Every structure is written in structure tokens, then in C-alpha cells.
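*Asks:* Structure file run01.cif (mmCIF, C-alpha atoms) is given on the next line.
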data_upload
loop_
_atom_site.label_atom_id
_atom_site.label_comp_id
_atom_site.auth_asym_id
_atom_site.auth_seq_id
_atom_site.Cartn_x
_atom_site.Cartn_y
_atom_site.Cartn_z
CA MET O 34 14.67 17.26 -19.44
CA THR O 35 14.83 16.79 -15.70
CA ASP O 36 12.47 18.82 -13.52
CA SER O 37 14.59 20.87 -11.12
CA SER O 38 11.63 22.07 -9.00
CA PRO O 39 11.80 21.04 -5.32
CA ALA O 40 9.97 17.88 -4.30
CA PRO O 41 6.64 18.43 -2.49
CA THR O 42 6.79 18.27 1.29
CA THR O 43 3.44 16.45 1.54
CA PHE O 44 1.99 13.54 -0.40
CA ARG O 45 -1.78 13.86 -0.89
CA LEU O 46 -3.60 10.56 -1.43
CA ALA O 47 -7.29 10.52 -2.38
CA TYR O 48 -9.42 7.42 -1.81
CA VAL O 49 -12.99 6.41 -2.55
CA PRO O 50 -15.45 4.84 -0.06
CA GLY O 51 -14.76 1.21 0.78
CA VAL O 52 -11.02 1.39 0.05
CA THR O 53 -8.90 1.18 3.21
CA PRO O 54 -5.38 2.61 2.69
CA SER O 55 -4.34 2.32 6.36
CA LYS O 56 -1.76 -0.46 5.81
CA TRP O 57 -0.01 1.44 3.04
CA VAL O 58 -0.14 4.70 4.99
CA ARG O 59 1.57 2.98 7.94
CA ILE O 60 4.37 1.66 5.71
CA TRP O 61 4.77 5.12 4.19
CA GLY O 62 5.27 6.61 7.67
CA GLN O 63 7.99 4.06 8.39
CA ARG O 64 9.87 4.57 5.14
CA LEU O 65 9.41 8.31 4.61
CA PRO O 66 8.94 9.86 8.06
CA ASP O 67 10.02 13.26 6.76
CA VAL O 68 7.19 13.43 4.16
CA PRO O 69 3.68 13.60 5.72
CA LEU O 70 0.93 11.72 3.87
CA THR O 71 -2.43 13.50 3.79
CA LEU O 72 -5.58 11.46 3.08
CA VAL O 73 -8.32 13.06 0.98
CA GLN O 74 -11.67 11.23 1.01
CA VAL O 75 -13.61 11.67 -2.25
CA THR O 76 -16.70 10.21 -3.89
CA PRO O 77 -16.25 8.03 -7.00
CA GLY O 78 -17.40 10.97 -9.13
CA GLU O 79 -14.89 13.34 -7.53
CA SER O 80 -11.85 11.04 -7.70
CA PHE O 81 -10.77 11.86 -11.26
CA GLY O 82 -11.30 15.59 -10.79
CA ALA O 83 -9.14 15.55 -7.66
CA LEU O 84 -6.21 14.29 -9.76
CA ARG O 85 -6.80 16.76 -12.59
CA ASP O 86 -7.12 19.89 -10.45
CA GLY O 87 -4.17 19.01 -8.19
CA THR O 88 -6.19 18.32 -5.05
CA ALA O 89 -4.45 14.93 -4.85
CA ASP O 90 -1.12 13.60 -6.12
CA ALA O 91 -2.52 10.07 -6.51
CA ALA O 92 -5.79 8.29 -5.80
CA LEU O 93 -7.03 4.85 -4.81
CA LEU O 94 -10.15 4.45 -6.93
CA ARG O 95 -12.15 1.94 -8.95
CA LEU O 96 -11.64 1.20 -12.62
CA PRO O 97 -12.29 2.11 -15.35
CA VAL O 98 -10.29 5.35 -15.34
CA ASP O 99 -12.10 8.29 -16.90
CA GLY O 100 -9.90 9.60 -19.74
CA GLU O 101 -6.45 8.98 -21.22
CA ASP O 102 -4.78 11.74 -19.23
CA LEU O 103 -4.59 9.51 -16.14
CA SER O 104 -2.31 6.54 -15.51
CA ALA O 105 -3.43 3.59 -13.39
CA ILE O 106 -2.18 0.25 -12.12
CA PRO O 107 -4.76 -2.35 -10.96
CA LEU O 108 -4.22 -3.54 -7.38
CA TYR O 109 -6.95 -6.10 -6.61
CA GLU O 110 -10.49 -7.24 -7.38
CA GLU O 111 -13.35 -7.11 -4.90
CA THR O 112 -15.97 -9.80 -4.35
CA SER O 113 -19.47 -8.75 -5.40
CA VAL O 114 -22.33 -9.34 -2.95
CA VAL O 115 -26.06 -8.76 -2.79
CA VAL O 116 -27.37 -6.78 0.19
CA VAL O 117 -30.74 -7.97 1.51
CA PRO O 118 -32.82 -7.72 4.70
CA LYS O 119 -31.91 -10.32 7.31
CA ASP O 120 -35.32 -12.01 6.98
CA HIS O 121 -35.00 -12.30 3.19
CA LEU O 122 -35.03 -15.74 1.58
CA PHE O 123 -31.49 -15.13 0.22
CA ALA O 124 -30.13 -14.91 3.79
CA ALA O 125 -30.34 -18.71 4.00
CA ALA O 126 -28.07 -19.18 0.95
CA GLU O 127 -24.29 -19.24 0.94
CA GLU O 128 -23.86 -18.09 -2.67
CA LEU O 129 -26.15 -16.72 -5.37
CA THR O 130 -26.14 -16.30 -9.16
CA PRO O 131 -27.67 -13.65 -11.45
CA GLU O 132 -30.47 -16.12 -12.24
CA ASP O 133 -31.44 -16.12 -8.55
CA LEU O 134 -31.98 -12.36 -8.78
CA ALA O 135 -34.20 -12.53 -11.90
CA GLU O 136 -37.47 -11.84 -10.03
CA GLU O 137 -36.00 -9.30 -7.61
CA LEU O 138 -36.09 -5.52 -7.98
CA VAL O 139 -32.36 -4.75 -8.17
CA LEU O 140 -31.42 -1.17 -7.29
CA HIS O 141 -28.84 0.54 -9.50
CA PRO O 142 -27.56 3.76 -7.87
CA LEU O 143 -26.02 6.54 -9.95
CA ASP O 144 -22.66 6.08 -8.19
CA ASP O 145 -22.63 2.33 -8.93
CA THR O 146 -19.06 0.97 -9.10
CA LEU O 147 -19.76 -2.22 -11.12
CA ASP O 148 -19.31 -2.09 -14.88
CA TRP O 149 -22.65 -3.63 -15.85
CA GLU O 150 -23.69 -4.36 -19.41
CA ALA O 151 -27.15 -4.94 -17.98
CA PRO O 152 -27.87 -5.35 -14.24
CA PRO O 153 -29.75 -8.53 -13.33
CA GLY O 154 -33.31 -8.60 -12.01
CA ARG O 155 -36.13 -6.08 -12.50
CA PRO O 156 -35.01 -2.43 -12.76
CA ALA O 157 -36.41 0.20 -10.41
CA PHE O 158 -38.45 3.05 -11.87
CA GLN O 159 -35.96 5.55 -10.53
CA ARG O 160 -32.25 5.13 -9.80
CA PRO O 161 -31.14 6.13 -6.27
CA GLU O 162 -28.69 9.01 -6.14
CA THR O 163 -26.06 7.22 -4.05
CA THR O 164 -25.20 3.77 -2.67
CA ALA O 165 -26.13 5.04 0.79
CA ASP O 166 -29.62 5.94 -0.51
CA ALA O 167 -29.94 2.48 -2.06
CA ILE O 168 -29.03 0.86 1.27
CA GLU O 169 -31.89 2.77 2.92
CA LEU O 170 -34.29 1.45 0.28
CA VAL O 171 -33.10 -2.13 0.86
CA ALA O 172 -33.72 -1.70 4.59
CA ALA O 173 -37.23 -0.46 3.75
CA GLY O 174 -37.89 -3.63 1.74
CA VAL O 175 -38.02 -1.85 -1.63
CA GLY O 176 -35.41 -4.01 -3.38
CA VAL O 177 -31.95 -5.57 -3.21
CA LEU O 178 -28.54 -4.13 -4.08
CA VAL O 179 -25.41 -5.65 -5.65
CA VAL O 180 -22.18 -3.92 -4.56
CA PRO O 181 -18.51 -4.68 -3.84
CA GLN O 182 -18.14 -6.40 -0.47
CA SER O 183 -16.16 -3.45 0.93
CA LEU O 184 -19.16 -1.15 0.39
CA ALA O 185 -21.51 -3.66 2.01
CA ARG O 186 -19.24 -3.61 5.05
CA LEU O 187 -18.98 0.19 4.99
CA HIS O 188 -22.78 0.57 5.03
CA HIS O 189 -23.36 -2.25 7.53
CA ARG O 190 -26.68 -2.24 9.38
CA LYS O 191 -28.00 -4.66 11.99
CA ASP O 192 -31.15 -5.30 9.96
CA LEU O 193 -29.26 -6.14 6.73
CA THR O 194 -26.93 -8.90 5.59
CA TYR O 195 -25.17 -9.82 2.33
CA ARG O 196 -24.29 -12.90 0.31
CA THR O 197 -21.71 -13.52 -2.43
CA VAL O 198 -22.96 -13.31 -6.03
CA THR O 199 -21.03 -15.17 -8.75
CA GLY O 200 -21.13 -14.48 -12.49
CA VAL O 201 -21.46 -10.69 -12.12
CA PRO O 202 -18.91 -7.90 -12.70
CA GLN O 203 -16.33 -7.34 -9.97
CA SER O 204 -14.98 -3.99 -8.90
CA ARG O 205 -11.24 -3.44 -9.53
CA VAL O 206 -9.36 -1.10 -7.23
CA ALA O 207 -6.43 0.77 -8.78
CA LEU O 208 -3.85 3.42 -7.98
CA SER O 209 -4.11 6.34 -10.39
CA TRP O 210 -2.18 9.56 -11.00
CA PRO O 211 -1.87 12.21 -13.76
CA ARG O 212 -0.16 10.74 -16.80
CA ALA O 213 3.44 11.84 -17.39
CA GLU O 214 6.55 10.52 -19.11
CA GLU O 215 7.93 9.70 -15.69
CA ALA O 216 5.95 9.28 -12.47
CA PRO O 217 6.82 11.88 -9.79
CA ASP O 218 9.23 10.72 -7.10
CA LEU O 219 6.64 10.40 -4.33
CA VAL O 220 4.16 8.63 -6.59
CA GLU O 221 6.91 6.16 -7.51
CA GLU O 222 7.55 5.63 -3.81
CA PHE O 223 3.88 4.85 -3.18
CA ILE O 224 3.75 2.51 -6.18
CA GLY O 225 6.57 0.54 -4.58
CA ILE O 226 4.64 0.32 -1.31
CA VAL O 227 1.34 -0.87 -2.81
CA ARG O 228 3.19 -3.42 -4.95
CA GLY O 229 4.90 -4.84 -1.89
CA ARG O 230 8.46 -3.89 -2.74
CA THR O 231 10.90 -4.00 0.14
CA VAL O 232 13.02 -1.02 1.18
CA ASN O 233 16.04 -2.43 -0.66
CA SER O 234 14.07 -3.07 -3.86
CA THR O 235 12.23 0.25 -4.01
CA ARG O 236 12.70 1.83 -7.44
CA GLY O 237 11.99 5.45 -6.59
CA ARG O 238 14.65 8.02 -7.41
CA ARG O 239 14.59 9.08 -3.77
CA ALA O 240 15.54 5.53 -2.80
CA GLU O 241 18.31 5.49 -5.41
CA ALA O 242 19.72 8.69 -3.94
CA GLN O 243 19.68 7.15 -0.46
CA LYS O 244 21.48 4.07 -1.77
CA GLY O 245 24.10 6.32 -3.36
CA GLN O 246 24.65 8.11 -0.05
CA LYS O 247 25.11 4.78 1.76
CA THR O 248 27.60 3.61 -0.87
CA ALA O 249 29.59 6.84 -0.58
CA LYS O 250 29.71 6.48 3.20
CA ALA O 251 30.74 2.84 3.02
CA ALA O 252 33.61 3.31 0.51
CA PRO O 253 36.77 4.65 2.29
CA THR O 254 38.77 7.35 0.51
CA PRO O 255 42.59 7.01 -0.06
CA ALA O 256 43.17 9.50 2.77
CA LYS O 257 41.05 7.41 5.14
CA LYS O 258 42.91 4.28 4.11
CA ALA O 259 46.29 5.93 4.85
CA ALA O 260 45.06 7.25 8.19
CA GLY O 261 43.82 3.80 9.13
CA ALA O 262 47.17 2.22 8.27
CA ALA O 263 49.00 4.85 10.36
CA ARG O 264 46.75 4.17 13.36
CA LYS O 265 47.47 0.47 13.09
CA THR O 266 51.22 1.11 12.97
CA ALA O 267 51.15 3.53 15.91
CA GLY O 268 49.09 1.13 17.98
CA ALA O 269 51.32 -1.90 17.40
CA LYS O 270 52.88 -3.38 20.58
CA PRO O 271 56.75 -3.23 20.85
CA ALA O 272 58.62 -6.53 20.60
CA ARG O 273 59.62 -8.10 23.95
CA PRO O 274 63.41 -8.36 24.68
CA ALA O 275 64.93 -11.86 24.62
CA LYS O 276 65.34 -13.53 28.03
CA PRO O 277 68.95 -14.38 29.11
CA ALA O 278 69.88 -18.06 28.97
CA ARG O 279 69.89 -19.85 32.33
CA GLY O 280 73.19 -21.38 33.64
CA LYS O 281 73.68 -25.15 33.41
CA GLY O 282 76.06 -27.68 34.96
CA GLY O 283 79.54 -26.11 35.64
CA GLY O 284 78.43 -22.55 34.84
CA ALA O 285 79.52 -19.72 37.13
CA ALA O 286 75.99 -18.88 38.17
CA GLY O 287 73.05 -21.04 39.11
CA ARG O 288 69.37 -20.16 39.09
CA GLY O 289 68.58 -16.50 39.56
CA GLY O 290 72.24 -15.53 38.79
CA LYS O 291 73.44 -16.24 42.34
CA PRO O 292 76.99 -17.74 42.85
CA ARG O 293 77.05 -21.36 43.96
CA ARG O 294 78.41 -22.24 47.36
CA GLY O 295 81.66 -24.14 47.47
CA ARG O 296 81.64 -27.73 48.83
#
What would the structure in this file look like if it were written as C-alpha cells?

*Replies:*
Amino acid sequence: MTDSSPAPTTFRLAYVPGVTPSKWVRIWGQRLPDVPLTLVQVTPGESFGALRDGTADAALLRLPVDGEDLSAIPLYEETSVVVVPKDHLFAAAEELTPEDLAEELVLHPLDDTLDWEAPPGRPAFQRPETTADAIELVAAGVGVLVVPQSLARLHHRKDLTYRTVTGVPQSRVALSWPRAEEAPDLVEEFIGIVRGRTVNSTRGRRAEAQKGQKTAKAAPTPAKKAAGAARKTAGAKPARPAKPARGKGGGAAGRGGKPRRGR
């Protein structure tokens, strides 16, 4: 059964820290200038609730999705890095492994975005409340922190640096929305944008309607065809009259029709 309710006039997109939706928002403004896109910044813990209570129509968040009532499509994976003080021994390395962290106190905040089976290194006695709190502890020399690179950049400090860590979980960013038999029109439009579809290949029902309108405008009706034929006939130039033959030899008239003088 098709939902006959009017389409929303605003598309609300939630996003978690570290995710930058600016490119997709710009494309949205170019393709759907009549539908404003409102950004809603949420914490990782709030992202799923924002979709369930209707605060957001869709969300850019990190997997795994909490519950089967939400749909999601993975978009990309983030590089994992370890955040350390600039004078730390790790600052001289280009790349690290979990074995390199074995003797380090590795902070594991409650809002951690990496799906660890067991974090490397020595655990702290108490888990920091947030990633921002963990960054403060790293700056104080309490321990080190493994996070997605986007979060290391978000919490950048002059006294800290970060290095890539291989062999550890990577954060996966996804687009999520409330599960339904058919994605809402505007969600389908945004899916097309994040997947890199062009305007002509967009699969949203809104785009299909626009294509139908263009086709209807392009196809001339029988009345238009007849009117066009009549205009062509009316605008045709009349045929030029044939020129009279010029006199030759012993004709009565010479050039220009004038009588010849007698000898």
C-alpha cells in the first residue's frame, strides 16, 4: 500500500563526532534546493535513539547498528591510530602493531567506537567516560589511546600526535535509517548521493517523477505536431515567376526588349 502522506519539507541528518558530511550536504543542496537539509550532531550513544524517536530521518554513524529495527549500508572504513604525547617513543615510528602496545596502559573510554574483543596493552583501573576525557589523560601522560583517525584529528592538540596501528579493529562508518519495506523518498535520495550516483542514475522516486515530467515535456502531442506542420506551410516562401527568354539573332527585340535600329 502506498503512503499518501505528503513528503517532509526538511531532511534531518544526524552524524556522530569525526564524520564529516559536508561534501554530501553540498551535493544535496545542488540536487534538491527546495528541500533544506538540517544537520543534527549526536554522540555515538544518542545516534540510534535519534532515529527511533524521529529526531533524525537518517544518521551517519559507526557500526555495529544497535538492533534489528534499523537499516544500514556501510560507506567506508577508518584507519585506526594510537594517540600519544609528542615526546613519546612511538612518535619516532611510522607504523605500530598491537605487540608494540603490550607494555603501555591503553585507555578504553566508554564511548569507544572500535569493536574490540580485547584491547591491547595494560587496562586502566577505570574507563574514561568519553573519548575527550581519554585525550586529556593522554596529554597528562597517564596512557595512550587507540581511536579512528578522524577522532584523533577532531581532538587534535599541539602536545599530542598519532601513528597508524595495524592489526586492530577498524571503525566502519555507515548510513542508517529506521527499517521499512521501502526507504522513504528523501532517504533514497541521500543513499544515491553517498553512493556516488549521478543525477541521471538516481533511483529515488522523486527523481523518477522528474524524469517522467521531462519525458512528457519532450514528447509532442498530435495537436502540437499539426500546429507545427501548419506553421511550416504558412512560412514557406512563394515560388519565383519564370524569367522571359531573351531575344536572339533576327528576333524583333534585342537586350532589354528595346527595338533594334535599322542599318

*Asks:* Which residue out of O:Ala172, O:Val114, O:Ala91, O:Ala126 has the minimum interatomic distance to Pro217 of chain O when all atoms listed in the file are used?

*Replies:* O:Ala91

*Asks:* Residue by residue, what does the PyMOL selection byres ((chain O and resi 51-68) around 8) grab here? Present the result as a PyMOL selection string.

*Replies:* chain O and resi 42-44+48-50+69-70+93-94+183-184+186-187+206+223+226-227+232

*Asks:* So how far away is atom CA of Ile168 of chain O from atom CA of Leu208 of chain O, in Å?

*Replies:*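 Computing the Euclidean distance for atom CA of Leu208 of chain O and atom CA of Ile168 of chain O yields 26.9 Å.
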
*Asks:* Kindly give the distance, in Å, that separates atom CA of Phe123 of chain O and atom CA of Pro152 of chain O, rounded to a single decimal.

*Replies:* 17.8 Å

*Asks:* Considering all atoms listed in the file, state which residue in the set O:Ser104, O:Thr76, O:Thr231, O:Thr112 is at the smallest distance from Val180 of chain O.

*Replies:*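 Going through O:Ser104, O:Thr76, O:Thr231, O:Thr112 one by one, the smallest distance to Val180 of chain O is for O:Thr112.
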
*Asks:* Expand the PyMOL selection byres ((chain O and resi 77-88) around 10) into the individual residues it matches in the shown file, reporting them as a PyMOL selection string.

*Replies:* chain O and resi 45-50+73-76+89-96+98-100+102-103+143-146+209-212

*Asks:* Residues at most 12 Å from Leu134 of chain O, counting only C-alpha atoms, excluding those fewer than 3 positions away in the same chain, as a PDB file with C-alpha atoms, keeping the file's coordinate frame?

*Replies:*
ATOM      1  CA  VAL O 114     -22.330  -9.340  -2.950  1.00  0.00           C
ATOM      2  CA  VAL O 115     -26.060  -8.760  -2.790  1.00  0.00           C
ATOM      3  CA  VAL O 116     -27.370  -6.780   0.190  1.00  0.00           C
ATOM      4  CA  VAL O 117     -30.740  -7.970   1.510  1.00  0.00           C
ATOM      5  CA  LEU O 122     -35.030 -15.740   1.580  1.00  0.00           C
ATOM      6  CA  PHE O 123     -31.490 -15.130   0.220  1.00  0.00           C
ATOM      7  CA  GLU O 128     -23.860 -18.090  -2.670  1.00  0.00           C
ATOM      8  CA  LEU O 129     -26.150 -16.720  -5.370  1.00  0.00           C
ATOM      9  CA  THR O 130     -26.140 -16.300  -9.160  1.00  0.00           C
ATOM     10  CA  PRO O 131     -27.670 -13.650 -11.450  1.00  0.00           C
ATOM     11  CA  GLU O 137     -36.000  -9.300  -7.610  1.00  0.00           C
ATOM     12  CA  LEU O 138     -36.090  -5.520  -7.980  1.00  0.00           C
ATOM     13  CA  VAL O 139     -32.360  -4.750  -8.170  1.00  0.00           C
ATOM     14  CA  LEU O 140     -31.420  -1.170  -7.290  1.00  0.00           C
ATOM     15  CA  PRO O 152     -27.870  -5.350 -14.240  1.00  0.00           C
ATOM     16  CA  PRO O 153     -29.750  -8.530 -13.330  1.00  0.00           C
ATOM     17  CA  GLY O 154     -33.310  -8.600 -12.010  1.00  0.00           C
ATOM     18  CA  ARG O 155     -36.130  -6.080 -12.500  1.00  0.00           C
ATOM     19  CA  PRO O 156     -35.010  -2.430 -12.760  1.00  0.00           C
ATOM     20  CA  GLY O 176     -35.410  -4.010  -3.380  1.00  0.00           C
ATOM     21  CA  VAL O 177     -31.950  -5.570  -3.210  1.00  0.00           C
ATOM     22  CA  LEU O 178     -28.540  -4.130  -4.080  1.00  0.00           C
ATOM     23  CA  VAL O 179     -25.410  -5.650  -5.650  1.00  0.00           C
ATOM     24  CA  ARG O 196     -24.290 -12.900   0.310  1.00  0.00           C
ATOM     25  CA  VAL O 198     -22.960 -13.310  -6.030  1.00  0.00           C
ATOM     26  CA  THR O 199     -21.030 -15.170  -8.750  1.00  0.00           C
ATOM     27  CA  GLY O 200     -21.130 -14.480 -12.490  1.00  0.00           C
ATOM     28  CA  VAL O 201     -21.460 -10.690 -12.120  1.00  0.00           C
TER      29      VAL O 201
END

*Asks:* Using only C-alpha atoms, pick whichever of O:Pro107, O:Arg228, O:Gln182, O:Asp192 has the shortest atom-to-atom distance to Leu147 of chain O.

*Replies:* O:Gln182

*Asks:* Please report the interatomic distance between atom CA of Thr197 of chain O and atom CA of Ala135 of chain O in Å with one decimal.

*Replies:* 15.7 Å

*Asks:* Under the rule that all atoms listed in the file are counted, which of O:Thr164, O:Ala151, O:Gly225, O:Glu110 is the nearest residue to Ala185 of chain O?

*Replies:*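 Between O:Thr164, O:Ala151, O:Gly225, O:Glu110, the residue approaching Ala185 of chain O most closely is O:Thr164.
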
*Asks:* I would like the residues chosen by the PyMOL selection byres ((chain O and resi 161) around 8) on the shown file; could you give them as a PDB file with C-alpha atoms, in the frame of the given file?

*Replies:*
ATOM      1  CA  LEU O 140     -31.420  -1.170  -7.290  1.00  0.00           C
ATOM      2  CA  HIS O 141     -28.840   0.540  -9.500  1.00  0.00           C
ATOM      3  CA  PRO O 142     -27.560   3.760  -7.870  1.00  0.00           C
ATOM      4  CA  LEU O 143     -26.020   6.540  -9.950  1.00  0.00           C
ATOM      5  CA  GLN O 159     -35.960   5.550 -10.530  1.00  0.00           C
ATOM      6  CA  ARG O 160     -32.250   5.130  -9.800  1.00  0.00           C
ATOM      7  CA  GLU O 162     -28.690   9.010  -6.140  1.00  0.00           C
ATOM      8  CA  THR O 163     -26.060   7.220  -4.050  1.00  0.00           C
ATOM      9  CA  THR O 164     -25.200   3.770  -2.670  1.00  0.00           C
ATOM     10  CA  ASP O 166     -29.620   5.940  -0.510  1.00  0.00           C
ATOM     11  CA  ALA O 167     -29.940   2.480  -2.060  1.00  0.00           C
TER      12      ALA O 167
END
